[in-house]
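File shown: coords11.cif. Contents: mmCIF, C-alpha atoms.
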data_input
loop_
_atom_site.label_atom_id
_atom_site.label_comp_id
_atom_site.auth_asym_id
_atom_site.auth_seq_id
_atom_site.Cartn_x
_atom_site.Cartn_y
_atom_site.Cartn_z
CA MET A 1239 232.63 4.76 -34.09
CA PRO A 1240 232.09 4.65 -37.88
CA ASP A 1241 230.99 1.38 -39.46
CA VAL A 1242 233.82 -0.41 -41.26
CA ILE A 1243 231.61 -3.26 -42.55
CA SER A 1244 228.12 -2.77 -43.96
CA VAL A 1245 226.16 -5.72 -45.35
CA ARG A 1246 222.68 -5.32 -46.84
CA ALA A 1247 220.51 -8.20 -48.11
CA LEU A 1248 223.62 -10.17 -49.10
CA GLU A 1249 223.14 -13.43 -50.97
CA LYS A 1250 225.35 -16.08 -52.55
CA THR A 1251 224.04 -18.92 -54.68
CA PHE A 1252 226.14 -21.70 -56.21
CA ARG A 1253 225.27 -24.19 -58.91
CA THR A 1254 225.72 -27.80 -57.82
CA PRO A 1255 225.53 -30.89 -60.07
CA VAL A 1256 222.46 -33.08 -59.94
CA PRO A 1257 223.57 -36.70 -59.33
CA ALA A 1258 222.55 -39.32 -61.86
CA ASP A 1259 220.05 -41.99 -60.89
CA PRO A 1260 222.17 -44.99 -59.83
CA LYS A 1261 219.47 -47.32 -61.17
CA SER A 1262 219.54 -45.85 -64.69
CA GLY A 1263 221.18 -47.70 -67.58
CA PRO A 1264 224.47 -46.84 -69.31
CA LEU A 1265 222.84 -44.74 -72.04
CA ARG A 1266 220.86 -42.65 -69.56
CA LYS A 1267 223.99 -42.13 -67.46
CA LEU A 1268 225.88 -41.03 -70.59
CA ALA A 1269 223.08 -38.62 -71.50
CA HIS A 1270 223.12 -37.26 -67.94
CA PHE A 1271 226.89 -36.78 -68.14
CA ILE A 1272 226.60 -34.87 -71.43
CA ARG A 1273 223.78 -32.61 -70.21
CA ASN A 1274 225.50 -32.08 -66.84
CA PRO A 1275 222.36 -30.72 -65.12
CA SER A 1276 222.77 -28.50 -62.05
CA GLN A 1277 220.60 -27.00 -59.36
CA PRO A 1278 220.95 -23.83 -57.24
CA LEU A 1279 222.32 -24.01 -53.70
CA THR A 1280 221.91 -20.86 -51.59
CA ALA A 1281 224.75 -20.55 -49.08
CA VAL A 1282 223.92 -17.03 -47.84
CA LYS A 1283 220.43 -15.52 -47.96
CA ASP A 1284 219.19 -11.98 -47.14
CA LEU A 1285 222.02 -11.31 -44.68
CA SER A 1286 222.33 -7.79 -43.20
CA PHE A 1287 224.54 -6.40 -40.42
CA VAL A 1288 227.05 -3.64 -39.68
CA VAL A 1289 230.32 -3.71 -37.74
CA PRO A 1290 231.69 -0.56 -36.06
CA GLU A 1291 235.41 0.15 -36.14
CA GLY A 1292 237.38 -1.51 -33.36
CA GLU A 1293 234.76 -4.15 -32.54
CA VAL A 1294 235.58 -7.82 -31.94
CA ILE A 1295 232.68 -9.76 -33.44
CA GLY A 1296 232.07 -13.50 -33.44
CA PHE A 1297 230.43 -15.10 -36.46
CA LEU A 1298 228.88 -18.41 -35.43
CA GLY A 1299 226.93 -21.20 -37.03
CA ALA A 1300 226.89 -24.89 -37.81
CA ASN A 1301 228.82 -26.36 -40.74
CA GLY A 1302 227.20 -25.18 -43.96
CA SER A 1303 225.54 -22.15 -42.37
CA GLY A 1304 227.42 -19.67 -44.60
CA LYS A 1305 230.19 -18.39 -42.31
CA SER A 1306 233.16 -18.99 -44.59
CA THR A 1307 231.19 -17.95 -47.68
CA THR A 1308 230.40 -14.61 -46.01
CA ILE A 1309 234.05 -14.03 -45.11
CA LYS A 1310 235.08 -14.79 -48.70
CA MET A 1311 232.58 -12.23 -49.99
CA LEU A 1312 233.76 -9.61 -47.46
CA THR A 1313 237.41 -10.12 -48.47
CA GLY A 1314 236.76 -10.16 -52.24
CA ILE A 1315 237.43 -13.85 -52.89
CA LEU A 1316 233.80 -14.40 -53.95
CA THR A 1317 231.36 -12.09 -55.73
CA PRO A 1318 227.87 -11.85 -54.18
CA SER A 1319 224.90 -13.10 -56.21
CA ALA A 1320 222.72 -10.30 -54.82
CA GLY A 1321 222.76 -7.55 -52.20
CA GLN A 1322 225.56 -5.21 -51.20
CA ALA A 1323 228.68 -5.44 -49.07
CA GLU A 1324 231.01 -2.57 -48.24
CA VAL A 1325 234.22 -2.92 -46.26
CA LEU A 1326 236.14 0.24 -45.34
CA GLY A 1327 234.08 2.03 -47.99
CA PHE A 1328 235.19 -0.36 -50.75
CA VAL A 1329 233.29 -3.01 -52.72
CA PRO A 1330 235.37 -6.09 -51.81
CA HIS A 1331 235.07 -8.12 -55.04
CA ARG A 1332 236.62 -5.27 -57.04
CA ARG A 1333 239.86 -6.08 -55.15
CA GLN A 1334 241.34 -2.60 -55.28
CA THR A 1335 244.88 -2.31 -53.94
CA GLU A 1336 243.79 0.38 -51.47
CA PHE A 1337 241.31 -2.13 -50.04
CA THR A 1338 243.45 -5.26 -49.88
CA SER A 1339 246.27 -3.37 -48.18
CA GLN A 1340 243.97 -2.54 -45.25
CA ILE A 1341 242.68 -6.01 -44.42
CA GLY A 1342 244.21 -9.22 -43.09
CA LEU A 1343 242.88 -12.72 -43.62
CA VAL A 1344 243.65 -16.02 -41.92
CA LEU A 1345 241.88 -19.15 -43.14
CA GLY A 1346 242.27 -22.07 -40.73
CA GLN A 1347 242.54 -24.58 -43.56
CA LYS A 1348 244.87 -22.59 -45.86
CA SER A 1349 248.34 -21.28 -45.12
CA LEU A 1350 249.58 -17.73 -45.70
CA LEU A 1351 253.17 -18.87 -45.32
CA TRP A 1352 255.40 -20.52 -47.92
CA TRP A 1353 255.70 -24.19 -47.05
CA ASN A 1354 259.36 -24.87 -47.74
CA ILE A 1355 261.06 -21.71 -46.53
CA PRO A 1356 261.73 -20.47 -42.97
CA VAL A 1357 259.10 -18.38 -41.19
CA LEU A 1358 261.30 -15.28 -41.20
CA GLU A 1359 261.69 -15.42 -44.99
CA SER A 1360 257.89 -15.57 -45.37
CA PHE A 1361 257.62 -12.50 -43.15
CA LYS A 1362 260.20 -10.69 -45.30
CA LEU A 1363 258.16 -11.46 -48.42
CA TYR A 1364 255.13 -9.82 -46.80
CA ARG A 1365 257.33 -6.88 -45.82
CA ASP A 1366 258.19 -6.36 -49.49
CA ILE A 1367 254.64 -6.99 -50.77
CA TYR A 1368 253.16 -4.35 -48.44
CA ASN A 1369 256.13 -1.94 -48.66
CA ILE A 1370 256.71 -1.97 -44.90
CA SER A 1371 259.75 0.04 -43.85
CA SER A 1372 262.65 -1.89 -42.33
CA GLU A 1373 262.25 -0.01 -39.03
CA ASP A 1374 258.53 -0.77 -38.73
CA PHE A 1375 259.09 -4.36 -39.78
CA GLU A 1376 261.73 -4.97 -37.12
CA THR A 1377 259.61 -3.30 -34.41
CA ARG A 1378 256.50 -5.32 -35.20
CA LEU A 1379 258.45 -8.52 -35.60
CA GLU A 1380 260.00 -8.04 -32.18
CA VAL A 1381 256.57 -7.66 -30.57
CA PHE A 1382 255.12 -10.69 -32.35
CA ALA A 1383 258.16 -12.81 -31.54
CA ASP A 1384 257.84 -12.04 -27.84
CA VAL A 1385 254.08 -12.17 -27.35
CA LEU A 1386 253.46 -15.18 -29.60
CA GLU A 1387 256.74 -16.91 -28.65
CA LEU A 1388 257.93 -17.17 -32.24
CA ARG A 1389 261.61 -16.37 -31.71
CA SER A 1390 262.71 -20.02 -31.65
CA ILE A 1391 260.99 -20.89 -34.95
CA MET A 1392 262.02 -17.94 -37.12
CA HIS A 1393 264.56 -20.03 -39.05
CA VAL A 1394 262.47 -23.22 -39.18
CA PRO A 1395 260.71 -24.17 -42.46
CA VAL A 1396 256.93 -23.85 -42.16
CA ARG A 1397 256.39 -27.52 -43.06
CA LYS A 1398 258.19 -28.56 -39.86
CA LEU A 1399 256.00 -26.53 -37.49
CA SER A 1400 253.24 -27.93 -35.33
CA LEU A 1401 249.74 -26.68 -36.09
CA GLY A 1402 249.74 -24.40 -33.05
CA LEU A 1403 253.05 -22.74 -33.93
CA ARG A 1404 252.06 -22.39 -37.58
CA MET A 1405 248.77 -20.73 -36.68
CA ARG A 1406 250.52 -18.22 -34.43
CA ALA A 1407 252.93 -17.43 -37.27
CA GLU A 1408 249.95 -17.04 -39.65
CA ILE A 1409 248.35 -14.49 -37.31
CA ALA A 1410 251.60 -12.55 -37.11
CA ALA A 1411 251.95 -12.54 -40.91
CA SER A 1412 248.42 -11.21 -41.34
CA LEU A 1413 249.12 -8.33 -38.93
CA LEU A 1414 252.54 -7.24 -40.18
CA HIS A 1415 251.11 -4.50 -42.43
CA ARG A 1416 248.87 -3.10 -39.64
CA PRO A 1417 245.47 -3.83 -41.25
CA ARG A 1418 242.37 -2.00 -40.05
CA ILE A 1419 240.35 -5.24 -40.17
CA ILE A 1420 241.48 -8.83 -39.71
CA PHE A 1421 239.25 -11.72 -40.74
CA LEU A 1422 239.94 -14.96 -38.87
CA ASP A 1423 238.24 -18.10 -40.15
CA GLU A 1424 238.58 -20.87 -37.52
CA PRO A 1425 242.01 -19.65 -36.28
CA THR A 1426 242.02 -21.92 -33.19
CA ILE A 1427 241.11 -25.14 -35.01
CA GLY A 1428 243.34 -27.98 -33.83
CA LEU A 1429 245.12 -25.90 -31.16
CA ASP A 1430 245.68 -27.22 -27.66
CA VAL A 1431 244.35 -25.33 -24.63
CA ARG A 1432 247.59 -23.45 -23.92
CA ALA A 1433 248.12 -22.37 -27.53
CA ARG A 1434 244.48 -21.26 -27.82
CA LEU A 1435 244.78 -19.18 -24.64
CA LYS A 1436 247.95 -17.45 -25.84
CA LEU A 1437 246.36 -16.66 -29.18
CA LYS A 1438 243.24 -15.16 -27.61
CA ARG A 1439 245.27 -12.99 -25.24
CA PHE A 1440 247.29 -11.74 -28.18
CA LEU A 1441 244.20 -10.86 -30.21
CA LEU A 1442 242.73 -8.90 -27.30
CA ARG A 1443 246.01 -7.04 -26.83
CA VAL A 1444 246.24 -6.15 -30.52
CA ASN A 1445 242.64 -4.94 -30.52
CA GLN A 1446 243.15 -2.78 -27.43
CA GLU A 1447 246.49 -1.30 -28.53
CA THR A 1448 245.85 -0.72 -32.24
CA GLY A 1449 242.04 -0.61 -32.52
CA VAL A 1450 241.99 -3.25 -35.26
CA THR A 1451 238.54 -4.67 -35.98
CA ILE A 1452 238.47 -8.45 -35.55
CA PHE A 1453 235.95 -10.59 -37.44
CA LEU A 1454 236.12 -14.11 -36.04
CA THR A 1455 234.39 -17.30 -37.13
CA THR A 1456 234.67 -20.29 -34.83
CA HIS A 1457 232.92 -23.39 -33.53
CA ASN A 1458 234.49 -22.92 -30.11
CA MET A 1459 232.11 -21.06 -27.79
CA PHE A 1460 234.91 -20.35 -25.29
CA ASP A 1461 236.67 -18.28 -27.97
CA VAL A 1462 233.57 -16.14 -28.35
CA GLU A 1463 233.08 -15.67 -24.59
CA ASP A 1464 236.73 -14.77 -24.04
CA VAL A 1465 237.30 -12.47 -27.02
CA CYS A 1466 234.06 -11.15 -28.53
CA SER A 1467 231.73 -8.43 -27.28
CA ARG A 1468 229.11 -9.21 -29.92
CA CYS A 1469 228.12 -12.17 -32.05
CA VAL A 1470 226.08 -12.95 -35.15
CA ILE A 1471 224.65 -16.47 -35.33
CA LEU A 1472 223.86 -17.86 -38.77
CA SER A 1473 221.34 -20.56 -39.59
CA LYS A 1474 220.87 -21.71 -43.19
CA GLY A 1475 222.59 -18.59 -44.51
CA SER A 1476 220.50 -16.06 -42.55
CA ALA A 1477 221.06 -14.23 -39.26
CA LEU A 1478 219.38 -16.05 -36.40
CA PHE A 1479 220.74 -13.68 -33.74
CA ASP A 1480 222.69 -10.41 -33.79
CA GLY A 1481 223.58 -8.78 -30.50
CA ALA A 1482 225.85 -8.59 -27.48
CA VAL A 1483 227.21 -11.84 -26.05
CA SER A 1484 225.96 -10.73 -22.63
CA ALA A 1485 222.44 -10.27 -24.02
CA LEU A 1486 222.57 -13.72 -25.56
CA LYS A 1487 223.49 -15.28 -22.23
CA ALA A 1488 220.78 -13.30 -20.45
CA ASN A 1489 218.26 -14.90 -22.80
CA GLU A 1490 218.77 -18.35 -21.24
CA GLU A 1491 215.56 -19.76 -19.78
CA HIS A 1492 217.11 -22.12 -17.20
CA LYS A 1493 219.91 -22.28 -14.64
CA ARG A 1494 221.56 -25.29 -13.02
CA LEU A 1495 221.83 -25.75 -9.27
CA ASP A 1496 224.26 -28.26 -7.74
CA VAL A 1497 223.07 -28.94 -4.19
CA GLU A 1498 224.61 -31.12 -1.48
CA ILE A 1499 222.06 -31.71 1.32
CA PHE A 1500 223.52 -32.16 4.80
CA ARG A 1501 220.22 -32.62 6.65
CA THR A 1502 216.54 -32.35 5.69
CA LEU A 1503 214.47 -30.07 7.94
CA ASP A 1504 211.07 -30.29 6.23
CA GLU A 1505 210.58 -33.35 4.01
CA ALA A 1506 207.25 -32.21 2.56
CA ARG A 1507 208.48 -28.71 1.74
CA LEU A 1508 211.65 -30.07 0.13
CA GLY A 1509 209.50 -32.39 -1.99
CA ASN A 1510 207.43 -29.41 -3.18
CA VAL A 1511 210.60 -27.54 -4.12
CA LEU A 1512 211.95 -30.49 -6.11
CA ASP A 1513 208.61 -30.79 -7.91
CA ARG A 1514 209.25 -27.33 -9.35
CA CYS A 1515 212.65 -28.42 -10.70
CA GLU A 1516 213.94 -30.95 -13.17
CA VAL A 1517 216.27 -33.36 -11.39
CA LEU A 1518 219.13 -33.92 -13.84
CA ALA A 1519 221.13 -36.23 -11.56
CA LYS A 1520 221.11 -37.60 -8.02
CA ASP A 1521 224.03 -39.18 -6.20
CA GLY A 1522 223.16 -39.71 -2.54
CA PRO A 1523 222.82 -36.27 -0.91
CA VAL A 1524 224.06 -34.49 -4.06
CA LEU A 1525 221.41 -33.19 -6.49
CA ARG A 1526 221.81 -31.53 -9.87
CA LEU A 1527 218.72 -29.44 -10.62
CA LYS A 1528 217.52 -27.55 -13.69
CA VAL A 1529 215.37 -24.58 -12.66
CA PRO A 1530 213.60 -21.77 -14.56
CA SER A 1531 215.80 -18.64 -14.47
CA GLY A 1532 212.94 -16.49 -13.16
CA GLU A 1533 212.32 -18.85 -10.23
CA ALA A 1534 215.94 -19.55 -9.26
CA VAL A 1535 216.06 -17.05 -6.38
CA SER A 1536 212.80 -18.24 -4.78
CA ILE A 1537 213.79 -21.91 -5.18
CA ILE A 1538 217.15 -21.28 -3.49
CA GLY A 1539 215.33 -19.53 -0.63
CA GLU A 1540 212.99 -22.49 -0.15
CA LEU A 1541 215.92 -24.89 -0.20
CA TYR A 1542 217.48 -22.95 2.69
CA GLU A 1543 214.19 -23.19 4.59
CA SER A 1544 213.62 -26.91 3.97
CA CYS A 1545 217.14 -28.32 4.47
CA GLU A 1546 220.65 -27.63 5.69
CA MET A 1547 223.01 -27.59 2.73
CA ALA A 1548 226.67 -28.53 2.82
CA ASN A 1549 227.18 -26.91 -0.56
CA LEU A 1550 225.20 -24.90 -3.14
CA ASN A 1551 226.57 -23.96 -6.53
CA VAL A 1552 224.70 -21.93 -9.16
CA VAL A 1553 226.13 -22.92 -12.54
CA PRO A 1554 225.61 -20.26 -15.23
CA PRO A 1555 224.51 -21.49 -18.65
CA THR A 1556 227.29 -22.05 -21.15
CA LEU A 1557 227.20 -20.11 -24.40
CA GLU A 1558 227.34 -23.45 -26.20
CA SER A 1559 224.10 -24.65 -24.57
CA ILE A 1560 222.36 -21.35 -25.36
CA VAL A 1561 223.36 -21.46 -29.02
CA GLU A 1562 222.28 -25.09 -29.25
CA ARG A 1563 218.87 -24.15 -27.85
CA LEU A 1564 218.54 -21.33 -30.39
CA PHE A 1565 219.22 -23.75 -33.23
CA GLU A 1566 216.70 -26.24 -31.85
CA LYS A 1567 214.07 -23.53 -31.52
CA ASP A 1568 214.82 -22.25 -35.01
CA GLU A 1569 214.36 -25.72 -36.51
CA SER A 1570 211.15 -26.38 -34.61
CA GLU A 1571 209.63 -23.04 -35.64
CA GLY A 1572 210.55 -23.24 -39.30
CA GLY A 1573 213.75 -21.27 -39.80
CA ALA A 1574 213.35 -17.63 -40.83
CA SER A 1575 210.35 -16.77 -38.67
CA ALA A 1576 212.07 -18.24 -35.62
CA GLY A 1577 215.14 -16.12 -36.31
CA GLN A 1578 213.02 -12.96 -36.18
CA THR A 1579 211.46 -14.08 -32.88
CA LEU A 1580 214.81 -14.84 -31.29
CA GLN A 1581 216.33 -11.54 -32.34
CA ALA A 1582 213.37 -9.59 -31.02
CA ALA A 1583 213.51 -11.45 -27.70
CA VAL A 1584 216.92 -10.00 -26.98
#
Would you kindly transcribe this structure into structure tokens?
Amino acid sequence: MPDVISVRALEKTFRTPVPADPKSGPLRKLAHFIRNPSQPLTAVKDLSFVVPEGEVIGFLGANGSGKSTTIKMLTGILTPSAGQAEVLGFVPHRRQTEFTSQIGLVLGQKSLLWWNIPVLESFKLYRDIYNISSEDFETRLEVFADVLELRSIMHVPVRKLSLGLRMRAEIAASLLHRPRIIFLDEPTIGLDVRARLKLKRFLLRVNQETGVTIFLTTHNMFDVEDVCSRCVILSKGSALFDGAVSALKANEEHKRLDVEIFRTLDEARLGNVLDRCEVLAKDGPVLRLKVPSGEAVSIIGELYESCEMANLNVVPPTLESIVERLFEKDESEGGASAGQTLQAAV
């Protein structure tokens, strides 16, 4: 598959005002106001990655890590301070018509739809903007209406929609012109479980049927596990991890065992086993243990030898816990150098 996104040493720096000293007098505050001093703030720093056509990629990171800034540079809203970004062979900030007609963008905090007119009328405006034929428009609209359950809201003004319904309509609007890439910035924010599930199923279906590349930023780790095959994790504007979601999960150092002991056969041996584990919780015969991933099999074997178990459950690590550990390790090892270590480890 050819690469549809290529990012090399991308950077974005903003100028932010320097606050005045609250203890200074009126004249000093006036002088500070007149000078209006500023300082640089780097939102994205030395960021490089490529995205093949048809991939569903998750872009993760804490607030302020540079996710939304990167999306705005890739869609042409912002101009990079340094480095290069190419999307579908175009330089995004030049905003050529041939480029903008091949991408879709949904920002969780900003609406694509006109607030005071019905959803269908907003869709018709996009039909005219992108010169979609009436036949194609009706066909695509029919699919979106069925899969996203939009039929009942077509004649409802956008301002009267719930957040979940509005977000589904936003996704449909961004896909009406059949873009080759769709950028989704926090599309599931504020959605309930059912609405989020429907949206994720729809995105997977669109990707499988049309081959559209999906670039997704989110704070919800379940979205990444359910939809994405690969993820890039940002920390302080730089890539902390870039690889398959499965490889990220395989990098976890511990597993959790939930054990319910029916009868102890060898008290001393059981004690030795528990000494090799971290006991997270104990409620009568029920134990919750944290064990090193490499020792999980041998520990389970020794548990079978030392006691009769009513129940044993191996709980896989959540993506959320893995990402949290990566951030903690990155902070403890000083940022950029830790990022290199974590990427190499996978």
(message) Taking all atoms listed in the file into account, name the residue in A:Arg1406, A:Arg1514, A:Lys1487, A:Lys1567 that is nearest to Phe1382 in chain A.
(response) A:Arg1406
(request) Tell me which protein, DNA and RNA residues are within 9 Å of Leu1343 in chain A, counting only C-alpha atoms, leaving out same-chain ones fewer than 5 positions away, and put them as a PyMOL selection string. (result) chain A and resi 1313+1350+1409+1412-1413+1419-1423
(message) the PyMOL selection byres ((chain A and resi 1554) around 8) - which residues does that actually catch in the file I just gave you? List them as a ChimeraX atom specification.
(response) /A:1493-1494,1552-1553,1555-1556
(request) Select, from A:Gly1296, A:Gln1347, A:His1415, A:Gly1321, the residue with the minimum atom-to-atom distance to Thr1251 in chain A, counting only C-alpha atoms. (result) A:Gly1321
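Taking CA of Gly1475 in chain A and CA of Leu1285 in chain A as endpoints, the distance between them is 7.3 Å.
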(message) Under the rule that only C-alpha atoms are counted, which of A:Pro1523, A:Ser1476, A:Val1325, A:Arg1468 is the nearest residue to Phe1337 in chain A?
(response) A:Val1325
(request) Between A:Ala1320, A:Ile1452, A:Leu1268, A:Leu1401, single out the one closest to Ile1341 in chain A, counting all atoms listed in the file. (result)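 Counting all atoms listed in the file, the residue closest to Ile1341 in chain A is A:Ile1452.
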(request) Using only C-alpha atoms, determine which residues lie at most 12 Å from Arg1418 in chain A, disregarding the query and same-chain residues fewer than 3 positions distant; provide the list as a PyMOL selection string. (result) chain A and resi 1241-1243+1290-1293+1325-1326+1336-1343+1412-1415+1421+1444-1445+1448-1453
(message) Would you pick out the contacts of range 1387-1393 of chain A at 10 Å or less, using all atoms listed in the file, so that residues sharing its chain but fewer than 5 positions from it are not included, and give the list as a list in words?
(response) Ile1355, Pro1356, Val1357, Leu1358, Glu1359, Ser1360, Phe1361, Leu1379, Glu1380, Val1381, Phe1382, Lys1398, Leu1399, Leu1403, Arg1404, Arg1406, Ala1407, Ala1410 and Lys1436 of chain A
Please fill the gaps in range 1514-1530 of chain A so it has N, CA and C atoms, and write that as a short mmCIF file (atom, residue, chain, number, x, y, z; two decimals), in the coordinates of the input.
data_model
loop_
_atom_site.label_atom_id
_atom_site.label_comp_id
_atom_site.auth_asym_id
_atom_site.auth_seq_id
_atom_site.Cartn_x
_atom_site.Cartn_y
_atom_site.Cartn_z
N ARG A 1514 209.17 -28.50 -8.46
CA ARG A 1514 209.25 -27.33 -9.35
C ARG A 1514 210.52 -27.35 -10.21
N CYS A 1515 211.37 -28.32 -9.99
CA CYS A 1515 212.65 -28.42 -10.70
C CYS A 1515 212.68 -29.69 -11.55
N GLU A 1516 213.63 -29.72 -12.45
CA GLU A 1516 213.94 -30.95 -13.17
C GLU A 1516 215.21 -31.53 -12.57
N VAL A 1517 215.11 -32.73 -12.01
CA VAL A 1517 216.27 -33.36 -11.39
C VAL A 1517 217.11 -34.01 -12.50
N LEU A 1518 218.26 -33.41 -12.78
CA LEU A 1518 219.13 -33.92 -13.84
C LEU A 1518 219.94 -35.12 -13.37
N ALA A 1519 220.32 -35.13 -12.10
CA ALA A 1519 221.13 -36.23 -11.56
C ALA A 1519 221.00 -36.24 -10.05
N LYS A 1520 221.15 -37.45 -9.47
CA LYS A 1520 221.11 -37.60 -8.02
C LYS A 1520 222.12 -38.65 -7.61
N ASP A 1521 223.01 -38.26 -6.70
CA ASP A 1521 224.03 -39.18 -6.20
C ASP A 1521 224.07 -39.03 -4.68
N GLY A 1522 223.26 -39.82 -3.99
CA GLY A 1522 223.16 -39.71 -2.54
C GLY A 1522 222.59 -38.35 -2.16
N PRO A 1523 223.31 -37.59 -1.33
CA PRO A 1523 222.82 -36.27 -0.91
C PRO A 1523 223.05 -35.16 -1.95
N VAL A 1524 223.72 -35.50 -3.06
CA VAL A 1524 224.06 -34.49 -4.06
C VAL A 1524 223.02 -34.51 -5.18
N LEU A 1525 222.43 -33.34 -5.46
CA LEU A 1525 221.41 -33.19 -6.49
C LEU A 1525 221.89 -32.20 -7.53
N ARG A 1526 221.58 -32.48 -8.79
CA ARG A 1526 221.81 -31.53 -9.87
C ARG A 1526 220.45 -31.17 -10.43
N LEU A 1527 220.07 -29.88 -10.28
CA LEU A 1527 218.72 -29.44 -10.62
C LEU A 1527 218.74 -28.44 -11.77
N LYS A 1528 217.74 -28.54 -12.63
CA LYS A 1528 217.52 -27.55 -13.69
C LYS A 1528 216.29 -26.75 -13.30
N VAL A 1529 216.47 -25.41 -13.16
CA VAL A 1529 215.37 -24.58 -12.66
C VAL A 1529 215.13 -23.42 -13.63
N PRO A 1530 213.89 -22.96 -13.75
CA PRO A 1530 213.60 -21.77 -14.56
C PRO A 1530 214.36 -20.56 -14.02
#
